[in-house]
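Input: a single structure, listed below in structure tokens.
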Amino acid sequence: MPQLEVSAWDLAILVGYVVLTRVAFGWFFARQTRGEGAEGFFLAGHRIRWPIIGLSFYVSNMGGSSFVGLPGAGYQNGISVFHYEWMPALLLILFAVFFLPVFLRARIYTAPQYLEQRFGRAPRLAFSAMLLLTSMLVDAPGSLYAGAMVLKTLLPDVSIWITITVAAVAAGVYITFGGLGAVVANDAVQALLILAGGIVISVLAWQAVPSWDAVAEAAKPGALNLMQPADDPNMPWPGIAGVFIVGMYFWCTNQFIIQRALGAQSLDDGRWGALFAGLLKLPNLFILILPGVFATVLYPNLDNPDMVFPMLAFDLLPIGLRGFMLAVLAAAMLSSLEAILHSASTLFTMDFVRTVRPDMDSQRLARWGRGAILVFMVFAVVWTPQISRFPTLWQYLQSILSYLTPPVVAVFLLGLFWPRANGAGALAGLAVGVPLGVLAWISVELWSVVELQYLYAALLMFGLGIGLVVGASLLTPAPEAAEVGPHLWRASDAAVEPAEAWYRDYRIQSIGLATITLALVLWWW
């Protein structure tokens with residue numbers, strides 16, 4: 001087993017990277033957004049171009065938990081976890097075609113703001129409150145905790161409180177001054193670091209194993225196949241539909257992901273950026289998941305699969321490059337945390353402060369947003385260490401979105417495509433469906449009242465959400481057609497400029513991305 005020892009050179013590279021990127025980007029974008037108010041701080045003044053959007057989408061999803069979790073899942077269960085990585089390619093096509101045109105036409109700051117325009121204030125506040133709760137209790141602490149635990153293993157003499165606090169302060173202060181522009185610009189650099197680091201580890205891990213036959217022999221039976229039996233406890237093949245539903249929430253309605261596209265310079269930039277992000281997700285099979293499978297040959301009977309990535313880095317890389325990989329891990333953790341804190345600030349300011357004080361000017365809204373970031377940062381620091389008191393909590397938290405989010409997906413889908421859906425239906429889907437999801441999660445996952453794989457639960461909760469929205473809508477008066485029309489998807493939203501070159505047509509790009517994705521899935525079937 002490799003010794004996880006960090007040299008002075010490695011630490012210097014790590015600290016130098018974090019300080020340099022925060023000072024350089026933070027100072028530049030603080031000057032850029034000074035005096036711009038809410039639109040500059042929350043949406044980067046609608047100046048974000050497609051390459052930055054794509055890279056930022058990608059890296060916001062690659063937090064510390066994902067970056068160490070994917071190799072760990074590959075080690076433990078094989079490549080079936082790749083379903084969570086190829087599915088976003090198809091979901092981002094749907095986002096580019098159906099969701100984004102309606103969102104940009106509405107000129108919204110937040111996803112819940114669309115619900116107010118379509119259904120009324122109550123559904124907006126219900127969804128925004130749910131997003132804030134999951135951000136502060138799940139997303140931000142999860143990102144901090146995963147990164148802190150790995151760094152604690154590498155730096156055993158450093159208190160976890162210090163690691164968590166330094167990371168939270170670095171992220172919080174950075175976005176407080178730089179806003180969304182600073183977040184997405186730094187995301188672009190960190191995405192390139194993550195991709196480069198993953199490629200280096202993947203190549204070295206491939207060279208370290210004797211042969212592909214040795215990998216197949218060391219891995220569990222079926223570990224090199226995507227499709228698993230219907231009774232598989234981790235990824236049953238019918239459960240792929242559940243991955244699709246939960247993924248639609250994450251990639252099409254979750255504020256901390258879609259906020260980059262809401263700040264796009266144009267609809268085309270938003271679409272191209274989303275499709276680019278979908279393409280970037282596909283190499284994760286080769287640069288993160290398969291190295292975890294290779295580790296079954298190099299480190300058999302590993303007690304903690306989540307330590308696969310740092311073990312590969314410290315075993316295969318020389319001093320100096322280890323520091324580079326630590327910087328990659330820091331990049332993953334900080335990028336995800338910055339996205340979560342900034343989106344939580346946007347939700348709080350635009351969905352609650354602005355609702356209470358609609359006359360507040362843009363500059364004061366931006367100041368409220370900056371203050372909210374600092375409050376959320378402190379909350380995340382205080383809550384994160386408490387996770388260690390519940391050793392099995394995170395295994396359940398992986399499933400909680402399967403119970404909570406399907407009713408949200410039902411509300412958005414029916415809101416976009418069914419004119420008869422009304423405010424009563426949306427409120428029923430959110431105010432009844434989500435609490436029932438919490439109750440079901442507690443009953444199944446904590447109390448074991450029945451045995452139910454959580455991806456199957458996602459399908460049941462989605463059906464419940466559809467039933468609640470449709471039932472409540474049909475039992476109450478229909479909305480006015482004139483009020484609903486602007487907030488529905490229409491065929492004209494799929495149009496492109498006639499003068500566009502064929503290779504710039506997002507429809508052709510979408511077909512190409514779908515073809516590559518399906519070919520990759522079939523190859524590893």
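Lettering and numbering for the structure tokens are positional, with chains as A, B, ... in the shown order, residues counted from 1 in each chain, and ligands counted from 1 in the shown order.
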
**Asked** What lies within 8 Å of A:Met350 using only C-alpha atoms, ignoring chain neighbours under 5 positions off, as number ranges by chain?
**Response** A: 109-110, 355, 365

Once you have the residues from the selection above, write them out as a PDB file, in the first residue's frame, restricted to N, CA and C atoms.
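That gives us again-v4.pdb:
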```pdb
ATOM      1  N   TYR A 109     -34.154  35.022 -12.670  1.00  0.00           N
ATOM      2  CA  TYR A 109     -32.920  34.853 -11.926  1.00  0.00           C
ATOM      3  C   TYR A 109     -32.817  33.442 -11.341  1.00  0.00           C
ATOM      4  N   THR A 110     -33.984  32.859 -11.015  1.00  0.00           N
ATOM      5  CA  THR A 110     -34.001  31.557 -10.344  1.00  0.00           C
ATOM      6  C   THR A 110     -35.048  30.652 -10.977  1.00  0.00           C
ATOM      7  N   THR A 355     -39.227  39.452  -2.681  1.00  0.00           N
ATOM      8  CA  THR A 355     -40.672  39.266  -2.521  1.00  0.00           C
ATOM      9  C   THR A 355     -41.216  40.145  -1.400  1.00  0.00           C
ATOM     10  N   LEU A 365     -30.005  44.865  -3.376  1.00  0.00           N
ATOM     11  CA  LEU A 365     -30.219  43.426  -3.540  1.00  0.00           C
ATOM     12  C   LEU A 365     -28.886  42.685  -3.612  1.00  0.00           C
TER      13      LEU A 365
END
```

**Request:** Could you give me, as a ChimeraX atom specification, the residues within 10 Å of A:Ala214, counting only C-alpha atoms and dropping anything in the same chain fewer than 4 positions from it?
**Result:** /A:209-210,218-219,294,296-297

**Message:** Taking only C-alpha atoms into account, name the residue in A:Pro310, A:Gly78, A:Pro305, A:Gly415 that is nearest to A:Gly147.
**Reply:**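 Among the listed residues, the smallest separation from A:Gly147 belongs to A:Pro310.
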
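Here the question is which of A:Pro51, A:Gly369, A:Leu455, A:Phe286 gets nearest to A:Val203 using only C-alpha atoms, and that residue is A:Phe286.
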
**A:Tyr506 environment, 9 Å, only C-alpha atoms, sequence neighbours closer than 5 positions dropped, as a PyMOL selection string** = chain A and resi 96-97+268+271-272+275+496+511

**helix (DSSP H, G or I) positions in stretch 210-405 of chain A, given as a PyMOL selection string** = chain A and resi 212-218+237-252+255-262+267-281+284-298+305-316+321-356+362-389+393-404

For the residues selected in the previous step, produce a file with C-alpha atoms as a compact mmCIF listing (two decimals), in the first residue's frame.
```txt
# COMPACT_ATOMS: atom_id res chain seq x y z
CA TRP A 212 -7.22 -6.23 -19.15
CA ASP A 213 -7.71 -9.90 -18.30
CA ALA A 214 -6.19 -9.25 -14.87
CA VAL A 215 -8.70 -6.43 -14.32
CA ALA A 216 -11.62 -8.64 -15.38
CA GLU A 217 -10.43 -11.38 -13.03
CA ALA A 218 -9.95 -9.09 -10.02
CA TRP A 237 -31.50 -1.92 -14.90
CA PRO A 238 -35.17 -0.81 -14.59
CA GLY A 239 -33.95 1.79 -12.10
CA ILE A 240 -32.27 3.65 -14.97
CA ALA A 241 -35.66 5.35 -15.45
CA GLY A 242 -35.32 6.61 -11.87
CA VAL A 243 -31.86 7.98 -12.69
CA PHE A 244 -33.48 9.86 -15.59
CA ILE A 245 -36.15 11.44 -13.36
CA VAL A 246 -33.79 12.49 -10.57
CA GLY A 247 -31.30 13.68 -13.20
CA MET A 248 -33.95 15.88 -14.80
CA TYR A 249 -34.36 17.66 -11.47
CA PHE A 250 -30.61 18.08 -11.09
CA TRP A 251 -29.72 19.16 -14.63
CA CYS A 252 -32.87 21.02 -15.70
CA GLN A 255 -30.55 26.38 -9.30
CA PHE A 256 -26.86 25.81 -8.64
CA ILE A 257 -26.50 24.05 -12.00
CA ILE A 258 -28.75 26.04 -14.34
CA GLN A 259 -27.74 29.48 -13.06
CA ARG A 260 -24.80 29.48 -15.51
CA ALA A 261 -27.18 29.11 -18.46
CA LEU A 262 -29.47 31.82 -17.08
CA LEU A 267 -29.93 31.47 -26.24
CA ASP A 268 -27.41 29.84 -28.57
CA ASP A 269 -24.63 30.28 -26.00
CA GLY A 270 -26.81 28.65 -23.36
CA ARG A 271 -27.69 25.75 -25.64
CA TRP A 272 -24.16 25.15 -26.90
CA GLY A 273 -22.81 25.36 -23.35
CA ALA A 274 -25.30 22.78 -22.07
CA LEU A 275 -24.49 20.37 -24.91
CA PHE A 276 -20.76 20.90 -24.35
CA ALA A 277 -21.24 19.98 -20.68
CA GLY A 278 -23.08 16.81 -21.70
CA LEU A 279 -20.14 15.85 -23.91
CA LEU A 280 -17.66 16.49 -21.07
CA LYS A 281 -19.50 14.06 -18.80
CA ASN A 284 -15.63 10.33 -16.77
CA LEU A 285 -15.96 6.61 -17.49
CA PHE A 286 -12.31 6.52 -18.58
CA ILE A 287 -10.72 9.14 -16.32
CA LEU A 288 -12.50 8.44 -13.02
CA ILE A 289 -14.56 5.23 -12.99
CA LEU A 290 -12.27 2.76 -14.79
CA PRO A 291 -9.23 3.79 -12.68
CA GLY A 292 -11.31 2.70 -9.69
CA VAL A 293 -11.84 -0.69 -11.35
CA PHE A 294 -8.11 -0.92 -12.13
CA ALA A 295 -7.45 -0.36 -8.41
CA THR A 296 -9.06 -3.74 -7.65
CA VAL A 297 -5.88 -5.23 -9.14
CA LEU A 298 -3.47 -2.80 -7.47
CA PRO A 305 -13.13 2.55 -1.44
CA ASP A 306 -13.37 6.35 -1.30
CA MET A 307 -9.60 6.45 -0.75
CA VAL A 308 -8.93 4.95 -4.20
CA PHE A 309 -8.23 8.28 -5.90
CA PRO A 310 -5.68 9.60 -3.36
CA MET A 311 -4.02 6.17 -3.22
CA LEU A 312 -3.63 6.09 -6.99
CA ALA A 313 -2.26 9.63 -6.95
CA PHE A 314 0.31 8.98 -4.22
CA ASP A 315 1.30 5.58 -5.59
CA LEU A 316 1.69 6.53 -9.25
CA LEU A 321 2.69 16.08 -9.39
CA ARG A 322 1.08 14.90 -6.16
CA GLY A 323 0.63 18.55 -5.29
CA PHE A 324 -0.99 19.04 -8.67
CA MET A 325 -3.49 16.28 -7.89
CA LEU A 326 -4.18 17.82 -4.48
CA ALA A 327 -4.91 21.04 -6.34
CA VAL A 328 -7.30 19.08 -8.57
CA LEU A 329 -9.13 17.79 -5.50
CA ALA A 330 -9.23 21.29 -4.02
CA ALA A 331 -10.53 22.59 -7.34
CA ALA A 332 -13.35 20.06 -7.34
CA MET A 333 -14.38 20.79 -3.76
CA LEU A 334 -14.17 24.59 -4.03
CA SER A 335 -15.95 24.81 -7.39
CA SER A 336 -18.91 22.82 -6.16
CA LEU A 337 -19.05 24.75 -2.89
CA GLU A 338 -18.87 28.10 -4.67
CA ALA A 339 -21.72 27.12 -6.98
CA ILE A 340 -23.87 25.98 -4.05
CA LEU A 341 -23.26 29.09 -1.92
CA HIS A 342 -23.85 31.47 -4.83
CA SER A 343 -27.07 29.75 -5.89
CA ALA A 344 -28.33 29.71 -2.28
CA SER A 345 -27.62 33.44 -2.07
CA THR A 346 -29.54 34.02 -5.30
CA LEU A 347 -32.51 31.99 -4.08
CA PHE A 348 -32.66 33.79 -0.74
CA THR A 349 -32.29 37.27 -2.21
CA MET A 350 -34.47 37.02 -5.31
CA ASP A 351 -37.16 34.65 -4.00
CA PHE A 352 -37.53 35.94 -0.43
CA VAL A 353 -35.93 39.36 0.09
CA ARG A 354 -37.22 40.75 -3.20
CA THR A 355 -40.67 39.27 -2.52
CA VAL A 356 -40.89 41.06 0.83
CA SER A 362 -30.51 46.53 -7.57
CA GLN A 363 -27.45 47.65 -5.58
CA ARG A 364 -29.07 46.82 -2.24
CA LEU A 365 -30.22 43.43 -3.54
CA ALA A 366 -26.61 42.63 -4.46
CA ARG A 367 -25.50 43.63 -0.95
CA TRP A 368 -28.14 41.35 0.55
CA GLY A 369 -26.85 38.55 -1.66
CA ARG A 370 -23.27 39.08 -0.48
CA GLY A 371 -24.38 39.08 3.15
CA ALA A 372 -26.38 35.89 2.64
CA ILE A 373 -23.29 34.12 1.31
CA LEU A 374 -21.41 34.83 4.53
CA VAL A 375 -24.32 33.56 6.65
CA PHE A 376 -24.65 30.36 4.60
CA MET A 377 -20.88 29.88 4.76
CA VAL A 378 -20.95 29.97 8.58
CA PHE A 379 -23.92 27.58 8.66
CA ALA A 380 -22.11 25.09 6.42
CA VAL A 381 -18.97 25.22 8.59
CA VAL A 382 -20.97 24.64 11.79
CA TRP A 383 -23.07 21.78 10.38
CA THR A 384 -20.46 19.85 8.39
CA PRO A 385 -18.51 18.27 11.31
CA GLN A 386 -21.79 16.99 12.76
CA ILE A 387 -22.02 14.55 9.84
CA SER A 388 -19.27 12.46 11.44
CA ARG A 389 -21.65 11.70 14.33
CA LEU A 393 -26.25 9.07 7.21
CA TRP A 394 -24.62 9.62 3.86
CA GLN A 395 -25.54 6.23 2.54
CA TYR A 396 -29.17 7.31 3.05
CA LEU A 397 -28.58 10.83 1.72
CA GLN A 398 -27.58 9.32 -1.63
CA SER A 399 -31.14 8.10 -1.90
CA ILE A 400 -33.04 11.06 -0.47
CA LEU A 401 -33.24 12.94 -3.77
CA SER A 402 -35.01 9.91 -5.25
CA TYR A 403 -37.85 10.52 -2.81
CA LEU A 404 -37.87 14.34 -2.72
```
